[in-house]
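Have a look at the structure below, then the notes.
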Amino acid sequence: MTETTPDPTLESLWRPLRLLQASMDADIGRLYAEARTGDTADLKPSYVMELLRLHAAGPMTITELAESVGRTHSALSQKVAAMRAAGWVRTLPGDDARSKKVTLTERATAVVGRLAAEWRATEAALAELEAEIPYPLSRVVTDIEAALERRSFHDRIAAKLAEDPAWD
């Protein structure tokens, strides 16, 4: 007789947070799709921070851009490739043969004012939302970061795995 193992993914403390963020990002994406001129109809909300950062700081290497937005070089390299394919950025030779500078296209430059307006409106809506709830998300994040400084997520997971014979 074979022992049946239940699907552990049916229970998740992460899922509600991920779904909430996906839903909120979808609402922002819907605003872009509904925009009067349609110039942001295919813009992904996940590109906006990088586009605004490039507008404010000018062309940057992928490493510089990654550091400025708190992402890994690998993750930003993939994102830049997608943004380039979508026509939002282009890459130019960097200061040495190994690096590339990322810069906005004319298409992106034409909408950065609108993107900045959306960013400000989103931050204001989040502040309004946080005022309506008893324990603001920004405080949750700060409290989780403090708890993880006391004991890392890695160490917490490793301790649980040490107790699970299936990990051996």
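Chain labels A, B, ... are given in the sequence in which chains occur in the structure tokens; within each chain residues are numbered consecutively from 1, and ligands are likewise numbered from 1 in the order shown.
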Quiz item: Can you list, as a list in words, every protein, DNA or RNA residue that comes within 10 Å of stretch 83-98 of chain A when you count only C-alpha atoms, leaving out same-chain residues fewer than 3 positions away?
Solution: Asp42, Leu43, Lys44, Tyr47, Glu50, Leu51, Leu54, Pro59, Met60, Thr61, Ile62, Ser77, Gln78, Lys79, Val80, Lys101, Val102, Thr103, Leu104, Thr105, Glu106, Arg107, Ala108, Thr109 and Val111 of chain A
Quiz prompt | DSSP-assigned alpha helix (DSSP H) members of chain A, reported as JSON, numbers by chain | solution = {"A": [15, 16, 17, 18, 19, 20, 21, 22, 23, 24, 25, 26, 27, 28, 29, 30, 31, 32, 33, 34, 48, 49, 50, 51, 52, 53, 54, 55, 56, 57, 62, 63, 64, 65, 66, 67, 68, 69, 73, 74, 75, 76, 77, 78, 79, 80, 81, 82, 83, 84, 85, 106, 107, 108, 109, 110, 111, 112, 113, 114, 115, 116, 117, 118, 119, 120, 121, 122, 123, 124, 125, 126, 127, 128, 129, 130, 131, 132, 137, 138, 139, 140, 141, 142, 143, 144, 145, 146, 147, 148, 149, 150, 153, 154, 155, 156, 157, 158, 159, 160, 161, 162]}
Quiz prompt | Residue list (strand (DSSP E or B), DSSP) for stretch 48-122 of chain A, as number ranges by chain | solution = A: 60-61, 89-93, 100-104
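Distance-wise, atom CA of A:Ser68 and atom CA of A:Arg120 end up 19.0 Å apart.
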Quiz item: Using only C-alpha atoms, which residues sit within 9 Å of stretch 24-29 of chain A once same-chain residues fewer than 2 positions away are excluded, as a PyMOL selection string?
Solution: chain A and resi 19-22+31-34+40-46+118+122
Quiz item: In Å, with one decimal, what is the gap from atom CA of A:Ala166 to atom CA of A:Asp7?
Solution: 13.9 Å
